[in-house]
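Asker: Dropping in input.csv, which is CSV, C-alpha atoms and all ligand atoms:
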chain,number,residue,atom,x,y,z
A,1,MET,CA,-77.2,79.1,4.0
A,2,LYS,CA,-78.6,79.9,7.5
A,3,PRO,CA,-77.1,82.7,9.6
A,4,ASN,CA,-75.1,81.4,12.5
A,5,ILE,CA,-75.6,84.4,14.8
A,6,ASP,CA,-76.7,82.9,18.1
A,7,ILE,CA,-80.4,83.6,17.6
A,8,THR,CA,-82.5,80.5,17.2
A,9,GLU,CA,-84.1,79.7,13.9
A,10,ALA,CA,-87.6,80.1,15.5
A,11,HIS,CA,-86.7,83.5,16.8
A,12,GLN,CA,-85.2,84.6,13.5
A,13,LYS,CA,-88.5,83.6,11.8
A,14,GLU,CA,-90.5,85.4,14.4
A,15,ILE,CA,-88.4,88.6,14.1
A,16,ALA,CA,-88.5,88.4,10.3
A,17,GLN,CA,-92.4,88.3,10.5
A,18,LEU,CA,-92.4,91.4,12.7
A,19,LEU,CA,-90.1,93.2,10.3
A,20,ASN,CA,-92.2,92.3,7.3
A,21,THR,CA,-95.3,93.6,9.0
A,22,LEU,CA,-93.4,96.8,9.8
A,23,LEU,CA,-92.3,96.9,6.1
A,24,ALA,CA,-95.9,96.7,5.0
A,25,ASP,CA,-96.8,99.6,7.4
A,26,GLU,CA,-94.0,101.7,6.1
A,27,TYR,CA,-95.0,101.1,2.5
A,28,VAL,CA,-98.6,102.1,3.1
A,29,LEU,CA,-97.4,105.2,5.0
A,30,TYR,CA,-95.0,106.0,2.2
A,31,THR,CA,-97.8,105.8,-0.4
A,32,LYS,CA,-100.1,108.0,1.7
A,33,THR,CA,-97.3,110.6,2.1
A,34,ARG,CA,-96.8,110.6,-1.7
A,35,ASN,CA,-100.5,111.0,-2.1
A,36,ALA,CA,-100.3,114.0,0.2
A,37,HIS,CA,-97.3,115.4,-1.9
A,38,TRP,CA,-99.3,115.1,-5.1
A,39,ASN,CA,-102.8,116.2,-4.0
A,40,VAL,CA,-102.4,118.8,-1.3
A,41,GLN,CA,-103.9,122.1,-2.3
A,42,GLY,CA,-104.3,125.6,-0.8
A,43,PRO,CA,-102.2,128.7,0.1
A,44,ASN,CA,-99.5,126.6,1.7
A,45,PHE,CA,-99.1,124.3,-1.3
A,46,ILE,CA,-95.4,124.8,-2.1
A,47,GLU,CA,-94.3,124.5,1.5
A,48,LEU,CA,-96.4,121.3,2.1
A,49,HIS,CA,-95.6,119.8,-1.2
A,50,LYS,CA,-91.9,120.0,-0.4
A,51,PHE,CA,-92.4,119.0,3.3
A,52,PHE,CA,-94.2,115.8,2.3
A,53,GLU,CA,-91.4,115.0,-0.2
A,54,THR,CA,-88.8,115.2,2.6
A,55,GLN,CA,-91.0,112.8,4.6
A,56,TYR,CA,-91.5,110.2,1.9
A,57,ASP,CA,-87.8,110.3,1.0
A,58,ALA,CA,-87.1,109.4,4.7
A,59,LEU,CA,-89.7,106.6,4.5
A,60,ASP,CA,-88.2,105.3,1.3
A,61,ILE,CA,-84.8,104.7,3.1
A,62,ILE,CA,-86.6,103.1,6.1
A,63,ILE,CA,-88.4,100.7,3.7
A,64,ASP,CA,-85.2,99.6,2.1
A,65,ASP,CA,-83.4,99.2,5.5
A,66,ALA,CA,-86.4,97.1,7.0
A,67,ALA,CA,-86.5,94.8,3.9
A,68,GLU,CA,-82.7,94.3,4.0
A,69,ARG,CA,-82.8,93.6,7.8
A,70,VAL,CA,-85.2,90.7,7.0
A,71,ARG,CA,-82.7,89.4,4.5
A,72,ALA,CA,-79.9,89.7,7.1
A,73,LEU,CA,-81.9,87.4,9.3
A,74,GLY,CA,-82.0,84.7,6.6
A,75,HIS,CA,-85.6,85.3,5.4
A,76,PHE,CA,-87.3,86.9,2.4
A,77,ALA,CA,-88.7,90.4,2.4
A,78,LEU,CA,-92.2,90.9,1.2
A,79,GLY,CA,-92.2,92.5,-2.2
A,80,THR,CA,-95.8,92.9,-3.5
A,81,LEU,CA,-98.4,95.5,-2.9
A,82,LYS,CA,-100.9,92.8,-2.4
A,83,ASP,CA,-98.9,91.4,0.5
A,84,PHE,CA,-98.3,94.8,2.0
A,85,ILE,CA,-102.0,95.7,2.0
A,86,THR,CA,-102.9,92.2,3.4
A,87,ILE,CA,-100.7,92.4,6.5
A,88,THR,CA,-100.4,96.2,7.2
A,89,ARG,CA,-101.7,97.4,10.6
A,90,LEU,CA,-102.5,100.8,9.0
A,91,SER,CA,-105.7,101.7,7.1
A,92,GLU,CA,-106.0,103.2,3.7
A,93,HIS,CA,-109.6,104.1,4.3
A,94,ASN,CA,-108.9,107.5,5.6
A,95,HIS,CA,-107.9,109.1,2.3
A,96,ASP,CA,-110.0,112.3,2.1
A,97,PHE,CA,-107.1,114.5,0.9
A,98,SER,CA,-109.2,117.5,0.2
A,99,ASN,CA,-108.1,119.5,3.2
A,100,ASP,CA,-104.5,120.1,4.2
A,101,LYS,CA,-105.2,119.9,8.0
A,102,HIS,CA,-107.0,116.6,7.5
A,103,ILE,CA,-104.1,115.2,5.4
A,104,ILE,CA,-101.6,116.1,8.2
A,105,GLN,CA,-103.8,114.7,10.9
A,106,THR,CA,-104.2,111.5,9.0
A,107,LEU,CA,-100.4,111.1,8.5
A,108,LEU,CA,-99.7,112.0,12.1
A,109,GLU,CA,-102.1,109.3,13.4
A,110,ASP,CA,-100.3,106.8,11.1
A,111,HIS,CA,-96.9,107.7,12.4
A,112,GLU,CA,-98.1,107.5,16.0
A,113,THR,CA,-99.6,104.1,15.3
A,114,VAL,CA,-96.2,102.9,13.9
A,115,ILE,CA,-94.4,104.3,17.0
A,116,ARG,CA,-96.7,102.4,19.4
A,117,PHE,CA,-96.2,99.1,17.5
A,118,LEU,CA,-92.4,99.8,17.4
A,119,ARG,CA,-92.3,100.4,21.1
A,120,LYS,CA,-94.0,97.1,21.7
A,121,ASP,CA,-91.9,95.2,19.2
A,122,ILE,CA,-88.6,96.6,20.6
A,123,SER,CA,-89.4,95.3,24.1
A,124,PHE,CA,-90.4,91.9,22.7
A,125,ILE,CA,-87.4,91.5,20.5
A,126,SER,CA,-84.8,92.5,23.0
A,127,GLU,CA,-86.4,90.6,26.0
A,128,GLN,CA,-87.8,87.5,24.4
A,129,ASN,CA,-85.5,87.0,21.4
A,130,LYS,CA,-82.3,88.7,22.7
A,131,ASP,CA,-81.8,90.3,19.2
A,132,LEU,CA,-80.3,93.5,20.3
A,133,GLY,CA,-79.3,94.3,16.7
A,134,THR,CA,-82.9,94.5,15.5
A,135,ALA,CA,-83.9,96.2,18.8
A,136,ASP,CA,-81.4,98.9,18.1
A,137,PHE,CA,-82.4,99.2,14.5
A,138,LEU,CA,-86.1,99.6,15.5
A,139,THR,CA,-85.2,102.1,18.2
A,140,GLY,CA,-83.5,104.2,15.5
A,141,LEU,CA,-86.7,104.0,13.3
A,142,MET,CA,-88.9,104.9,16.3
A,143,GLU,CA,-86.8,108.0,16.9
A,144,GLN,CA,-87.2,109.0,13.2
A,145,HIS,CA,-90.9,108.5,13.4
A,146,GLU,CA,-91.1,110.6,16.5
A,147,LYS,CA,-89.3,113.4,14.8
A,148,MET,CA,-91.5,113.2,11.7
A,149,SER,CA,-94.5,113.2,14.0
A,150,TRP,CA,-93.3,116.3,15.7
A,151,MET,CA,-93.0,118.1,12.3
A,152,LEU,CA,-96.5,117.1,11.3
A,153,ARG,CA,-97.9,118.0,14.7
A,154,ALA,CA,-96.3,121.4,14.6
A,155,HIS,CA,-98.5,122.3,11.6
A,156,LEU,CA,-101.6,121.7,13.7
A,157,THR,CA,-100.9,123.9,16.7
B,201,FE,FE,-92.8,115.2,-6.8
I'd like the structure from this file rewritten - as structure tokens, please.
Answerer:
Amino acid sequence: MKPNIDITEAHQKEIAQLLNTLLADEYVLYTKTRNAHWNVQGPNFIELHKFFETQYDALDIIIDDAAERVRALGHFALGTLKDFITITRLSEHNHDFSNDKHIIQTLLEDHETVIRFLRKDISFISEQNKDLGTADFLTGLMEQHEKMSWMLRAHLT
């Protein structure tokens, strides 16, 4: 049964595609953050090990919320790693996790990439598609990524 929420079917489909792309990005970033949690080394090990855990826990909640937002718009959420890696806008190539500064820099760049895409998607969804619910949801996610970016950046200065 299709949602009758005053957003056209075409717009719901378009928004669901944007959300599924975001879902893929968040899943890749989640995996990279778990990689950091597992493989970080050095004198700051315990602090960074715990810090990365708080970040992947936050990303885990974001992933679930993004997938369920797709469902609320009447579409199916992507649910395979193959799909995620096919459509993500992030790269897995940069995975030299031998140095803690490098790990943090890599994750920071990924968060900032997600923020830039979110900013663009929020404008598009609110102006073109008039879906203020999704625009508000994405704005909340953008703020969370901005806070996580600050915490990563603070380790580098
Ligand atoms: Fe753990």
Asker: Do you know which residues are at most 7 Å from segment 104-111 of chain A counting all atoms listed in the file, after dropping those on the same chain fewer than 5 positions away, and could you put them as a list in words?
Answerer: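 Here the qualifying residues turn out to be Leu29, Leu90, His145, Ser149, Leu152 and Arg153 of chain A.
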Asker: Tell me which protein, DNA and RNA residues are within 9 Å of segment 31-39 of chain A, counting all atoms listed in the file, leaving out same-chain ones fewer than 2 positions away, and put them as number ranges by chain.
Answerer: A: 26-29, 41, 48-53, 55-56, 59, 92, 95, 97-98, 100, 103-104, 107
Asker: If you count all atoms listed in the file, which residues fall within 12 Å of Ile63 of chain A, apart from same-chain ones fewer than 4 positions away, as a PyMOL selection string?
Answerer: chain A and resi 19-31+56-59+67-70+77-79+84+141
Asker: Restricting the calculation to all atoms listed in the file, which member of A:Ala154, A:Ile46, A:Ile115, A:Met142 is positioned closest to ligand FE 201 (chain B)?
Answerer: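 Closest to ligand FE 201 (chain B) of all the choices is A:Ile46.
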Asker: Restricting the calculation to only C-alpha atoms and all ligand atoms, which member of A:Thr54, A:Asn44, A:Thr113, A:Thr80 is positioned closest to ligand FE 201 (chain B)?
Answerer: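 Residue with the minimum atom-to-atom distance to ligand FE 201 (chain B): A:Thr54.
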